[in-house]
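Containing compact mmCIF, C-alpha atoms: query-v5.txt.
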```txt
# COMPACT_ATOMS: atom_id res chain seq x y z
CA MET P 3 115.31 97.16 158.41
CA SER P 4 111.88 97.21 160.05
CA ASP P 5 111.30 100.86 159.17
CA GLY P 6 111.07 100.09 155.44
CA ILE P 7 109.11 96.85 155.52
CA LEU P 8 105.73 98.43 156.09
CA GLU P 9 105.69 100.63 152.98
CA PRO P 10 105.14 97.84 150.42
CA LEU P 11 102.50 96.33 152.71
CA LEU P 12 100.31 99.45 152.91
CA PRO P 13 98.18 98.68 149.81
CA ALA P 14 97.13 95.36 151.37
CA LEU P 15 96.85 96.75 154.89
CA GLY P 16 94.32 99.39 153.81
CA PRO P 17 91.45 96.97 152.99
CA TRP P 18 92.34 94.83 156.02
CA LEU P 19 92.24 97.86 158.32
CA GLU P 20 88.85 98.93 156.97
CA GLY P 21 87.45 95.56 158.00
CA ARG P 22 88.47 95.91 161.66
CA ARG P 23 85.73 96.79 164.15
CA TRP P 24 87.97 99.52 165.60
CA PHE P 25 88.40 101.26 162.24
CA ASP P 26 86.70 104.65 161.87
CA SER P 27 84.48 104.40 158.79
CA ARG P 28 85.02 108.10 158.07
CA PHE P 29 88.56 107.17 157.01
CA ILE P 30 87.65 104.58 154.37
CA GLY P 31 89.91 105.15 151.39
CA ALA P 32 92.28 107.39 153.39
CA ARG P 33 95.94 107.52 152.45
CA LEU P 34 98.12 105.48 154.81
CA GLU P 35 101.56 106.56 155.95
CA THR P 36 104.02 104.70 158.16
CA ARG P 37 104.82 106.64 161.33
CA ALA P 38 106.77 103.96 163.21
CA ALA P 39 107.64 100.29 162.80
CA SER P 40 109.78 97.85 164.75
CA ALA P 41 110.24 94.09 164.65
CA LEU P 42 110.43 91.98 167.81
CA GLY P 43 112.01 88.54 167.96
CA ASP P 44 115.28 86.89 166.94
CA GLU P 45 113.74 84.04 164.95
CA PRO P 46 110.35 83.31 163.37
CA PRO P 47 107.68 84.11 164.16
CA LEU P 48 108.46 87.84 164.34
CA LEU P 49 106.16 90.50 165.75
CA LEU P 50 105.89 93.66 163.68
CA HIS P 51 104.67 96.56 165.80
CA ALA P 52 103.65 99.62 163.83
CA VAL P 53 101.84 102.92 163.98
CA VAL P 54 100.32 104.22 160.74
CA ALA P 55 98.63 107.52 160.02
CA ALA P 56 95.45 107.66 157.94
CA HIS P 57 95.08 110.98 156.09
CA ARG P 58 91.79 112.25 154.72
CA PRO P 59 91.66 114.76 151.84
CA ASP P 60 90.17 117.36 154.21
CA GLY P 61 93.30 117.28 156.35
CA GLN P 62 92.04 115.07 159.19
CA THR P 63 94.49 112.46 160.44
CA LEU P 64 94.01 109.43 162.68
CA HIS P 65 96.67 107.09 164.02
CA TYR P 66 96.26 103.32 164.12
CA GLN P 67 98.36 100.83 166.06
CA LEU P 68 99.05 97.49 164.35
CA LEU P 69 100.34 94.18 165.64
CA LEU P 70 101.33 91.96 162.72
CA GLY P 71 102.96 88.55 162.56
CA LEU P 72 105.69 87.47 160.13
CA ARG P 73 106.41 83.83 159.24
CA PRO P 74 108.16 82.19 156.27
CA GLU P 75 105.20 79.82 156.06
CA LEU P 76 101.81 80.06 157.67
CA PRO P 77 100.36 77.03 159.52
CA ALA P 78 96.82 76.06 158.55
CA ARG P 79 95.49 77.24 161.92
CA LEU P 80 96.67 80.80 161.15
CA GLU P 81 95.42 80.98 157.55
CA PRO P 82 92.17 82.75 158.60
CA ALA P 83 94.35 85.56 160.00
CA ALA P 84 96.41 85.98 156.81
CA ILE P 85 96.69 89.48 155.35
CA THR P 86 99.30 89.45 152.57
CA THR P 87 102.77 88.29 151.49
CA VAL P 88 105.88 90.46 151.78
CA PRO P 89 106.63 91.50 148.16
CA ALA P 90 110.26 92.55 148.56
CA GLY P 91 113.10 93.03 151.02
CA PRO P 92 114.81 90.74 153.54
CA TRP P 93 111.53 89.01 154.36
CA GLN P 94 110.37 88.62 150.77
CA GLY P 95 107.86 85.81 150.45
CA TRP P 96 107.07 85.72 154.18
CA ARG P 97 103.44 85.72 155.20
CA VAL P 98 101.92 88.67 157.07
CA TYR P 99 99.00 88.02 159.42
CA ASP P 100 97.10 89.36 162.42
CA ALA P 101 99.33 88.73 165.44
CA LEU P 102 96.34 88.44 167.76
CA ALA P 103 95.73 84.96 166.35
CA ASP P 104 99.19 83.75 167.39
CA GLY P 105 99.70 82.93 171.07
CA ALA P 106 103.47 82.73 170.53
CA LEU P 107 103.59 86.39 169.47
CA LEU P 108 101.32 87.53 172.28
CA GLY P 109 103.67 85.77 174.69
CA LEU P 110 106.64 87.50 173.06
CA LEU P 111 104.92 90.85 173.50
CA LEU P 112 104.37 90.24 177.22
CA ARG P 113 107.99 89.15 177.75
CA THR P 114 109.19 92.27 175.92
CA LEU P 115 107.06 94.53 178.11
CA ALA P 116 108.08 92.75 181.30
CA GLY P 117 111.74 93.10 180.33
CA GLY P 118 111.45 96.84 179.88
CA GLY P 119 111.21 96.80 176.08
CA ALA P 120 113.86 96.10 173.49
CA GLY P 121 115.22 98.81 171.21
CA PRO P 122 112.72 101.27 169.76
CA GLY P 123 109.71 98.96 170.05
CA PRO P 124 106.90 98.99 172.62
CA ARG P 125 107.88 99.29 176.27
CA LEU P 126 106.03 99.35 179.57
CA GLU P 127 106.40 102.43 181.71
CA ARG P 128 105.62 101.10 185.16
CA THR P 129 103.35 103.10 187.43
CA GLY P 130 103.99 101.13 190.59
CA ARG P 131 106.08 98.49 192.28
CA TYR P 132 103.95 95.53 191.18
CA PRO P 133 105.99 93.00 189.11
CA LEU P 134 104.56 91.91 185.77
CA PRO P 135 104.16 88.12 185.63
CA VAL P 136 105.23 86.31 182.45
CA GLY P 137 104.71 82.82 181.05
CA LEU P 138 100.93 83.24 181.17
CA VAL P 139 98.63 81.84 178.48
CA PRO P 140 97.20 84.70 176.37
CA HIS P 141 93.54 84.92 175.41
CA PRO P 142 92.22 87.77 173.22
CA LEU P 143 88.87 89.10 174.38
CA ASP P 144 85.92 90.19 172.27
CA GLY P 145 83.68 93.20 172.72
CA GLU P 146 85.99 96.21 172.60
CA MET P 147 85.15 98.72 169.88
CA SER P 148 88.13 101.07 169.87
CA ASN P 149 90.68 98.91 171.72
CA THR P 150 91.97 95.36 171.71
CA ALA P 151 92.15 93.45 174.99
CA VAL P 152 94.23 90.36 175.75
CA ALA P 153 93.94 88.48 179.03
CA TYR P 154 96.99 86.59 180.27
CA GLY P 155 96.43 83.60 182.52
CA GLY P 156 93.44 85.15 184.25
CA GLN P 157 95.81 87.55 186.03
CA ILE P 158 96.56 90.57 183.87
CA LEU P 159 94.85 92.42 181.05
CA LEU P 160 96.71 94.11 178.20
CA LYS P 161 94.63 96.83 176.58
CA ILE P 162 95.95 98.02 173.22
CA PHE P 163 94.72 101.44 172.13
CA ARG P 164 94.08 100.95 168.42
CA ARG P 165 93.72 104.71 167.88
CA PRO P 166 96.59 105.98 170.05
CA GLU P 167 96.72 109.63 171.04
CA PRO P 168 99.47 111.77 172.55
CA GLY P 169 99.54 111.68 176.34
CA PRO P 170 98.42 112.20 178.96
CA HIS P 171 95.73 109.53 178.59
CA THR P 172 92.62 109.82 180.73
CA GLU P 173 92.33 106.13 181.62
CA VAL P 174 96.02 105.76 182.44
CA GLU P 175 95.89 108.89 184.58
CA ALA P 176 92.75 107.77 186.43
CA LEU P 177 93.88 104.19 187.09
CA HIS P 178 97.33 105.34 188.14
CA ALA P 179 95.79 107.71 190.69
CA LEU P 180 93.27 105.12 191.90
CA THR P 181 96.02 102.51 192.29
CA ARG P 182 98.05 104.98 194.38
CA GLU P 183 94.97 105.55 196.52
CA HIS P 184 94.57 101.77 196.97
CA CYS P 185 91.00 101.97 195.66
CA ALA P 186 89.48 98.52 196.06
CA ARG P 187 86.78 99.18 193.46
CA THR P 188 89.01 99.50 190.40
CA PRO P 189 91.63 97.28 188.74
CA ARG P 190 95.23 97.78 189.80
CA LEU P 191 97.39 99.40 187.11
CA TYR P 192 100.78 97.89 186.26
CA GLY P 193 101.82 100.46 183.70
CA ALA P 194 101.28 102.19 180.37
CA LEU P 195 102.67 101.29 176.93
CA HIS P 196 104.91 103.70 175.01
CA SER P 197 107.42 103.48 172.19
CA ASP P 198 110.69 105.26 171.50
CA ALA P 199 110.48 104.46 167.78
CA PRO P 200 110.78 107.62 165.67
CA GLY P 201 107.27 108.75 164.83
CA ALA P 202 105.62 107.15 167.86
CA GLU P 203 107.17 109.26 170.59
CA GLY P 204 104.58 110.75 172.91
CA LEU P 205 101.78 108.38 171.94
CA VAL P 206 100.13 106.32 174.69
CA LEU P 207 99.79 102.89 173.13
CA GLY P 208 97.99 100.95 175.84
CA LEU P 209 98.06 99.80 179.43
CA VAL P 210 98.43 96.70 181.57
CA GLU P 211 96.04 96.25 184.46
CA GLU P 212 94.72 93.63 186.84
CA PHE P 213 92.32 91.15 185.21
CA LEU P 214 89.16 89.94 186.94
CA PRO P 215 88.40 86.61 185.23
CA ASP P 216 85.42 85.56 187.34
CA ALA P 217 83.68 88.95 187.44
CA ARG P 218 80.26 89.20 185.81
CA ASP P 219 79.26 91.89 183.39
CA GLY P 220 76.99 94.41 185.14
CA TRP P 221 74.77 94.94 182.10
CA GLU P 222 74.11 91.23 181.63
CA GLU P 223 73.47 90.81 185.36
CA ALA P 224 70.95 93.67 185.45
CA VAL P 225 69.10 92.47 182.34
CA ARG P 226 68.89 88.94 183.73
CA HIS P 227 67.59 90.10 187.10
CA ALA P 228 65.05 92.40 185.48
CA SER P 229 63.77 89.63 183.21
CA ASP P 230 63.56 87.10 186.06
CA CYS P 231 61.81 89.59 188.34
CA MET P 232 59.19 90.51 185.73
CA ASP P 233 58.69 86.85 184.87
CA ASP P 234 58.02 86.06 188.55
CA ALA P 235 55.57 88.94 188.79
CA ARG P 236 53.74 87.82 185.65
CA ARG P 237 53.36 84.29 187.04
CA GLY P 238 52.29 85.53 190.46
CA VAL P 239 55.42 84.19 192.14
CA PRO P 240 56.99 86.26 194.95
CA THR P 241 59.99 88.10 193.53
CA SER P 242 63.45 88.13 195.05
CA GLY P 243 63.80 91.89 194.74
CA GLY P 244 65.41 91.89 191.33
CA PHE P 245 68.54 94.00 191.03
CA THR P 246 67.79 96.20 194.06
CA SER P 247 70.42 94.89 196.46
CA HIS P 248 73.05 94.81 193.72
CA ALA P 249 72.17 98.38 192.73
CA ARG P 250 72.66 99.50 196.33
CA SER P 251 76.12 97.94 196.56
CA LEU P 252 76.98 99.28 193.11
CA GLY P 253 76.07 102.76 194.30
CA ARG P 254 78.44 102.39 197.26
CA ALA P 255 81.21 101.24 194.89
CA VAL P 256 80.69 104.27 192.62
CA ALA P 257 80.79 106.53 195.69
CA GLU P 258 84.10 104.95 196.78
CA VAL P 259 85.58 105.56 193.33
CA HIS P 260 84.40 109.18 193.35
CA GLY P 261 85.90 109.64 196.80
CA ALA P 262 89.26 108.23 195.68
CA LEU P 263 89.25 110.42 192.54
CA ASP P 264 88.46 113.45 194.70
CA LYS P 265 91.36 112.62 197.00
CA ALA P 266 93.74 112.07 194.09
CA PHE P 267 92.81 114.98 191.83
CA GLY P 268 90.93 117.35 194.12
CA ARG P 269 87.77 119.24 193.24
CA ASN P 270 86.72 122.79 192.60
CA ARG P 271 83.56 124.78 193.11
CA LEU P 272 81.81 125.88 189.93
CA THR P 273 80.79 129.50 189.63
CA ALA P 274 77.23 130.50 188.81
CA GLN P 275 78.48 131.46 185.35
CA ASP P 276 80.04 128.00 184.88
CA VAL P 277 76.75 126.32 185.73
CA ALA P 278 74.74 128.72 183.57
CA GLU P 279 76.96 127.93 180.58
CA GLU P 280 76.69 124.21 181.26
CA ALA P 281 72.88 124.44 181.48
CA ALA P 282 72.81 126.37 178.19
CA GLY P 283 74.87 123.63 176.56
CA MET P 284 72.50 120.99 177.91
CA ASN P 285 69.53 122.87 176.48
CA MET P 286 71.30 123.12 173.12
CA ARG P 287 71.97 119.38 173.04
CA LEU P 288 68.34 118.76 174.01
CA LYS P 289 67.19 120.88 171.09
CA GLU P 290 69.48 119.04 168.68
CA ALA P 291 68.27 115.67 169.97
CA ALA P 292 64.62 116.68 169.49
CA GLU P 293 65.35 117.80 165.94
CA GLU P 294 66.92 114.43 165.19
CA VAL P 295 64.23 112.43 167.04
CA PRO P 296 60.92 114.37 166.78
CA ALA P 297 59.25 112.05 169.30
CA LEU P 298 61.30 113.78 172.01
CA ALA P 299 59.71 117.18 171.33
CA ARG P 300 56.86 116.56 173.78
CA TYR P 301 59.38 116.26 176.64
CA THR P 302 61.70 119.16 175.87
CA THR P 303 59.77 121.77 177.89
CA ARG P 304 59.85 119.75 181.11
CA ILE P 305 63.44 118.62 180.65
CA GLY P 306 64.55 122.16 179.79
CA ALA P 307 62.88 123.43 182.96
CA LEU P 308 65.04 121.03 185.01
CA PHE P 309 68.17 122.38 183.33
CA ASP P 310 67.06 125.94 184.09
CA ASP P 311 66.37 125.00 187.73
CA TYR P 312 69.91 123.64 187.95
CA ALA P 313 71.29 127.00 186.81
CA ARG P 314 69.05 128.94 189.22
CA VAL P 315 70.08 126.81 192.20
CA ALA P 316 73.74 127.57 191.54
CA GLY P 317 72.89 131.22 190.98
CA ARG P 318 71.40 131.44 194.48
CA GLY P 319 74.75 130.46 195.99
CA ASN P 320 74.18 126.73 196.48
CA PRO P 321 77.53 124.98 195.96
CA VAL P 322 78.09 122.87 192.85
CA PHE P 323 81.40 121.01 192.77
CA ALA P 324 83.27 119.41 189.90
CA GLN P 325 86.00 116.78 190.00
CA ARG P 326 87.56 114.03 187.95
CA THR P 327 84.87 111.45 187.15
CA HIS P 328 84.54 108.23 185.21
CA GLY P 329 83.07 110.13 182.29
CA ASP P 330 81.13 107.31 180.59
CA LEU P 331 79.58 105.37 183.43
CA HIS P 332 76.97 102.71 182.72
CA LEU P 333 76.32 99.08 183.64
CA GLY P 334 78.67 97.83 180.94
CA GLN P 335 81.53 99.54 182.82
CA ALA P 336 80.77 97.67 186.06
CA LEU P 337 81.87 94.14 186.90
CA ARG P 338 80.48 92.13 189.82
CA ALA P 339 83.29 90.13 191.42
CA ALA P 340 83.09 87.77 194.36
CA ASP P 341 84.13 90.51 196.77
CA GLY P 342 82.04 93.30 195.28
CA TRP P 343 81.76 95.61 192.30
CA ARG P 344 84.63 96.90 190.20
CA ILE P 345 84.41 99.96 187.95
CA VAL P 346 86.44 99.75 184.72
CA ASP P 347 87.20 101.60 181.46
CA PHE P 348 88.03 105.16 182.51
CA GLU P 349 88.59 106.52 179.00
CA GLY P 350 85.46 108.67 179.07
CA GLU P 351 83.08 109.34 176.19
CA PRO P 352 84.86 108.26 172.98
CA ALA P 353 83.33 111.11 170.96
CA ARG P 354 85.02 113.76 173.14
CA THR P 355 88.61 114.88 172.81
CA ALA P 356 91.19 113.79 175.38
CA ALA P 357 91.24 117.30 176.85
CA GLU P 358 87.45 117.34 177.22
CA ARG P 359 87.42 113.90 178.84
CA ALA P 360 89.87 115.05 181.50
CA LEU P 361 87.84 118.11 182.54
CA PRO P 362 86.31 118.09 186.05
CA GLN P 363 82.57 117.34 186.03
CA PRO P 364 79.82 117.11 188.66
CA VAL P 365 79.72 113.52 189.92
CA LEU P 366 75.98 113.47 189.22
CA ARG P 367 76.84 113.10 185.54
CA ASP P 368 78.17 109.63 186.32
CA VAL P 369 75.13 108.88 188.47
CA ALA P 370 72.78 110.01 185.70
CA GLY P 371 74.58 107.80 183.20
CA MET P 372 74.19 104.79 185.47
CA LEU P 373 70.50 105.48 186.13
CA ARG P 374 69.88 105.75 182.39
CA SER P 375 71.59 102.38 182.01
CA PHE P 376 69.26 100.91 184.64
CA ASP P 377 66.30 102.06 182.56
CA TYR P 378 67.78 100.50 179.42
CA ALA P 379 68.41 97.24 181.28
CA ALA P 380 64.81 97.07 182.55
CA ARG P 381 63.43 97.66 179.06
CA THR P 382 65.81 95.11 177.57
CA GLY P 383 64.85 92.57 180.23
CA LEU P 384 61.17 93.07 179.40
CA ALA P 385 61.82 92.78 175.67
CA THR P 386 63.83 89.60 176.26
CA LEU P 387 60.97 88.12 178.28
CA GLU P 388 58.38 89.03 175.66
CA SER P 389 60.57 87.63 172.89
CA ALA P 390 60.90 84.35 174.74
CA ASP P 391 57.14 84.21 175.39
CA PRO P 392 55.34 86.13 172.60
CA GLU P 393 51.93 85.01 173.88
CA GLY P 394 52.59 86.62 177.25
CA GLY P 395 52.33 83.36 179.14
CA SER P 396 49.26 81.33 179.95
```

Could you write out this file's structure as structure tokens?
Amino acid sequence: MSDGILEPLLPALGPWLEGRRWFDSRFIGARLETRAASALGDEPPLLLHAVVAAHRPDGQTLHYQLLLGLRPELPARLEPAAITTVPAGPWQGWRVYDALADGALLGLLLRTLAGGGAGPGPRLERTGRYPLPVGLVPHPLDGEMSNTAVAYGGQILLKIFRRPEPGPHTEVEALHALTREHCARTPRLYGALHSDAPGAEGLVLGLVEEFLPDARDGWEEAVRHASDCMDDARRGVPTSGGFTSHARSLGRAVAEVHGALDKAFGRNRLTAQDVAEEAAGMNMRLKEAAEEVPALARYTTRIGALFDDYARVAGRGNPVFAQRTHGDLHLGQALRAADGWRIVDFEGEPARTAAERALPQPVLRDVAGMLRSFDYAARTGLATLESADPEGGS
């Protein structure tokens, strides 16, 4: 029954999909095809879980995961989430809407996952012995670009991969390994979401991890400290040191995570040829960046010389090791909790393929990404200060 319901909805789902922040604009106007669909619930409201494929004329295909609600009538509070009306079939005349707006459906989803899944719909494949609590109040979170996150009762976080890919998934792999290693600097993983519905087999649909409700966003913390520190300096007031002490403890947290990843996945020594090829790729990307942003041209010679030095050092026999890393480390991936920093979001760079994101890398790539983020935070803090006081103070 649920397999056929999505087909008549596709014309309305297309425009709705294109308005989601997690939709890839390259697929505007793409042809949609149902890959899997299953309905959860014995009475209204029902949760329609689906995976659709978007096909471009050039042959590219992208999968999208949908969570839709079904009700005979839609309460006024859910009208802003309305998408369409079922045109035919057993649910003809029922309203279709974004399930994220309905706490009852989010609760149903959690109960289904905690119970091991029902039928061909979404199920939680546990990665440890930790029980999944239920009966928690759901709260969708903002800010994710390619995923949807729902916090439950300040205890657990459900992350829904809106563009699911076949496994293994880099974040699930990393968090599973870090949980086994009892790493205190990362969220504990409860499990990963899968589906046995025909058409969705093999896709990793999401994960459930520990939620840190009182943790502060590292980017916001760094920008605030930078702004306050520069404001104190401008007014001649002794500064408190800015973000320095936090940066030191953040560095220790990153080192702990790298150590746990090394223990879980191991590391290997790169050959001189490996490093030479990597340096050549870095020089190529530098050239492309300078062509796109001509203002960078004045720096390319000095930066390129650093890349060449890196290759020469390895060529002289100095060891360069590679291991599993975070892959997209910056201040926005760090949370400051009461007992220290946590590192989150181990998906890696979104523009890279899953296979590329899982490749071992020198840990200094993560360090470089964080240092670049520090620079951005300092500049943003200064810009924020100048925006608040355009006259520069008096």

What gap, in Å, lies between CA of Arg28 in chain P and CA of Val210 in chain P?
29.4 Å

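With all atoms listed in the file as the atoms that count, the minimum distance from Gly268 in chain P to the choices P:Ala297, P:Ala340, P:Ala353, P:Ala179 is reached by P:Ala179.
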
Go ahead and find all residues with at least one atom no further than 12 Å from (82.6, 102.6, 172.2) in the file's coordinates, using all atoms listed in the file; report them as a ChimeraX atom specification.
/P:23-26,145-150,330-332,334-335,347-354

Considering only C-alpha atoms, can you say which of P:Ala307, P:Leu134, P:Val53, P:Met372 comes closest to Leu333 in chain P?
P:Met372

Please check which residues have atoms at most 6 Å from (94.6, 97.2, 181.4) in the file's coordinates, counting all atoms listed in the file, and write them as a ChimeraX atom specification.
/P:159-161,209-211

Output file for the selection above: C-alpha atoms, as a CSV table (one decimal), keeping the file's coordinate frame:
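again-v3.csv written:
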```csv
chain,number,residue,atom,x,y,z
P,159,LEU,CA,94.8,92.4,181.0
P,160,LEU,CA,96.7,94.1,178.2
P,161,LYS,CA,94.6,96.8,176.6
P,209,LEU,CA,98.1,99.8,179.4
P,210,VAL,CA,98.4,96.7,181.6
P,211,GLU,CA,96.0,96.2,184.5
```

Correct to one decimal, the distance CA of Leu288 in chain P-CA of Ala313 in chain P is 15.5 Å

Some atoms are absent from range 227-249 of chain P, so rebuild N, CA and C atoms and return them as a PDB file, keeping the file's coordinate frame.
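File selection35.pdb, as written:
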```
ATOM      1  N   HIS P 227      68.412  89.900 185.904  1.00  0.00           N
ATOM      2  CA  HIS P 227      67.590  90.100 187.100  1.00  0.00           C
ATOM      3  C   HIS P 227      66.268  90.754 186.761  1.00  0.00           C
ATOM      4  N   ALA P 228      66.297  91.729 185.865  1.00  0.00           N
ATOM      5  CA  ALA P 228      65.050  92.400 185.480  1.00  0.00           C
ATOM      6  C   ALA P 228      64.099  91.435 184.805  1.00  0.00           C
ATOM      7  N   SER P 229      64.610  90.601 183.912  1.00  0.00           N
ATOM      8  CA  SER P 229      63.770  89.630 183.210  1.00  0.00           C
ATOM      9  C   SER P 229      63.185  88.603 184.179  1.00  0.00           C
ATOM     10  N   ASP P 230      64.038  88.092 185.088  1.00  0.00           N
ATOM     11  CA  ASP P 230      63.560  87.100 186.060  1.00  0.00           C
ATOM     12  C   ASP P 230      62.503  87.705 186.982  1.00  0.00           C
ATOM     13  N   CYS P 231      62.741  88.944 187.419  1.00  0.00           N
ATOM     14  CA  CYS P 231      61.810  89.590 188.340  1.00  0.00           C
ATOM     15  C   CYS P 231      60.451  89.811 187.684  1.00  0.00           C
ATOM     16  N   MET P 232      60.453  90.278 186.435  1.00  0.00           N
ATOM     17  CA  MET P 232      59.190  90.510 185.730  1.00  0.00           C
ATOM     18  C   MET P 232      58.487  89.201 185.392  1.00  0.00           C
ATOM     19  N   ASP P 233      59.285  88.164 185.139  1.00  0.00           N
ATOM     20  CA  ASP P 233      58.690  86.850 184.870  1.00  0.00           C
ATOM     21  C   ASP P 233      58.002  86.318 186.120  1.00  0.00           C
ATOM     22  N   ASP P 234      58.641  86.483 187.287  1.00  0.00           N
ATOM     23  CA  ASP P 234      58.020  86.060 188.550  1.00  0.00           C
ATOM     24  C   ASP P 234      56.724  86.821 188.796  1.00  0.00           C
ATOM     25  N   ALA P 235      56.762  88.133 188.564  1.00  0.00           N
ATOM     26  CA  ALA P 235      55.570  88.940 188.790  1.00  0.00           C
ATOM     27  C   ALA P 235      54.437  88.525 187.856  1.00  0.00           C
ATOM     28  N   ARG P 236      54.762  88.232 186.625  1.00  0.00           N
ATOM     29  CA  ARG P 236      53.740  87.820 185.650  1.00  0.00           C
ATOM     30  C   ARG P 236      53.092  86.505 186.059  1.00  0.00           C
ATOM     31  N   ARG P 237      53.883  85.600 186.650  1.00  0.00           N
ATOM     32  CA  ARG P 237      53.360  84.290 187.040  1.00  0.00           C
ATOM     33  C   ARG P 237      52.792  84.278 188.453  1.00  0.00           C
ATOM     34  N   GLY P 238      52.832  85.448 189.110  1.00  0.00           N
ATOM     35  CA  GLY P 238      52.290  85.530 190.460  1.00  0.00           C
ATOM     36  C   GLY P 238      53.175  84.915 191.511  1.00  0.00           C
ATOM     37  N   VAL P 239      54.456  84.768 191.200  1.00  0.00           N
ATOM     38  CA  VAL P 239      55.420  84.190 192.140  1.00  0.00           C
ATOM     39  C   VAL P 239      56.100  85.327 192.891  1.00  0.00           C
ATOM     40  N   PRO P 240      56.276  85.208 194.212  1.00  0.00           N
ATOM     41  CA  PRO P 240      56.990  86.260 194.950  1.00  0.00           C
ATOM     42  C   PRO P 240      58.369  86.505 194.355  1.00  0.00           C
ATOM     43  N   THR P 241      58.701  87.762 194.138  1.00  0.00           N
ATOM     44  CA  THR P 241      59.990  88.100 193.530  1.00  0.00           C
ATOM     45  C   THR P 241      61.065  88.185 194.604  1.00  0.00           C
ATOM     46  N   SER P 242      62.306  88.084 194.136  1.00  0.00           N
ATOM     47  CA  SER P 242      63.450  88.130 195.050  1.00  0.00           C
ATOM     48  C   SER P 242      63.984  89.545 195.232  1.00  0.00           C
ATOM     49  N   GLY P 243      63.328  90.510 194.616  1.00  0.00           N
ATOM     50  CA  GLY P 243      63.800  91.890 194.740  1.00  0.00           C
ATOM     51  C   GLY P 243      64.569  92.374 193.537  1.00  0.00           C
ATOM     52  N   GLY P 244      64.737  91.473 192.545  1.00  0.00           N
ATOM     53  CA  GLY P 244      65.410  91.890 191.330  1.00  0.00           C
ATOM     54  C   GLY P 244      66.841  92.338 191.568  1.00  0.00           C
ATOM     55  N   PHE P 245      67.168  93.484 191.008  1.00  0.00           N
ATOM     56  CA  PHE P 245      68.540  94.000 191.030  1.00  0.00           C
ATOM     57  C   PHE P 245      68.765  94.980 192.185  1.00  0.00           C
ATOM     58  N   THR P 246      67.759  95.140 193.053  1.00  0.00           N
ATOM     59  CA  THR P 246      67.790  96.200 194.060  1.00  0.00           C
ATOM     60  C   THR P 246      69.019  96.138 194.960  1.00  0.00           C
ATOM     61  N   SER P 247      69.285  94.983 195.539  1.00  0.00           N
ATOM     62  CA  SER P 247      70.420  94.890 196.460  1.00  0.00           C
ATOM     63  C   SER P 247      71.739  95.109 195.734  1.00  0.00           C
ATOM     64  N   HIS P 248      71.820  94.614 194.499  1.00  0.00           N
ATOM     65  CA  HIS P 248      73.050  94.810 193.720  1.00  0.00           C
ATOM     66  C   HIS P 248      73.213  96.283 193.360  1.00  0.00           C
ATOM     67  N   ALA P 249      72.099  96.951 193.053  1.00  0.00           N
ATOM     68  CA  ALA P 249      72.170  98.380 192.730  1.00  0.00           C
ATOM     69  C   ALA P 249      72.659  99.179 193.919  1.00  0.00           C
TER      70      ALA P 249
END
```
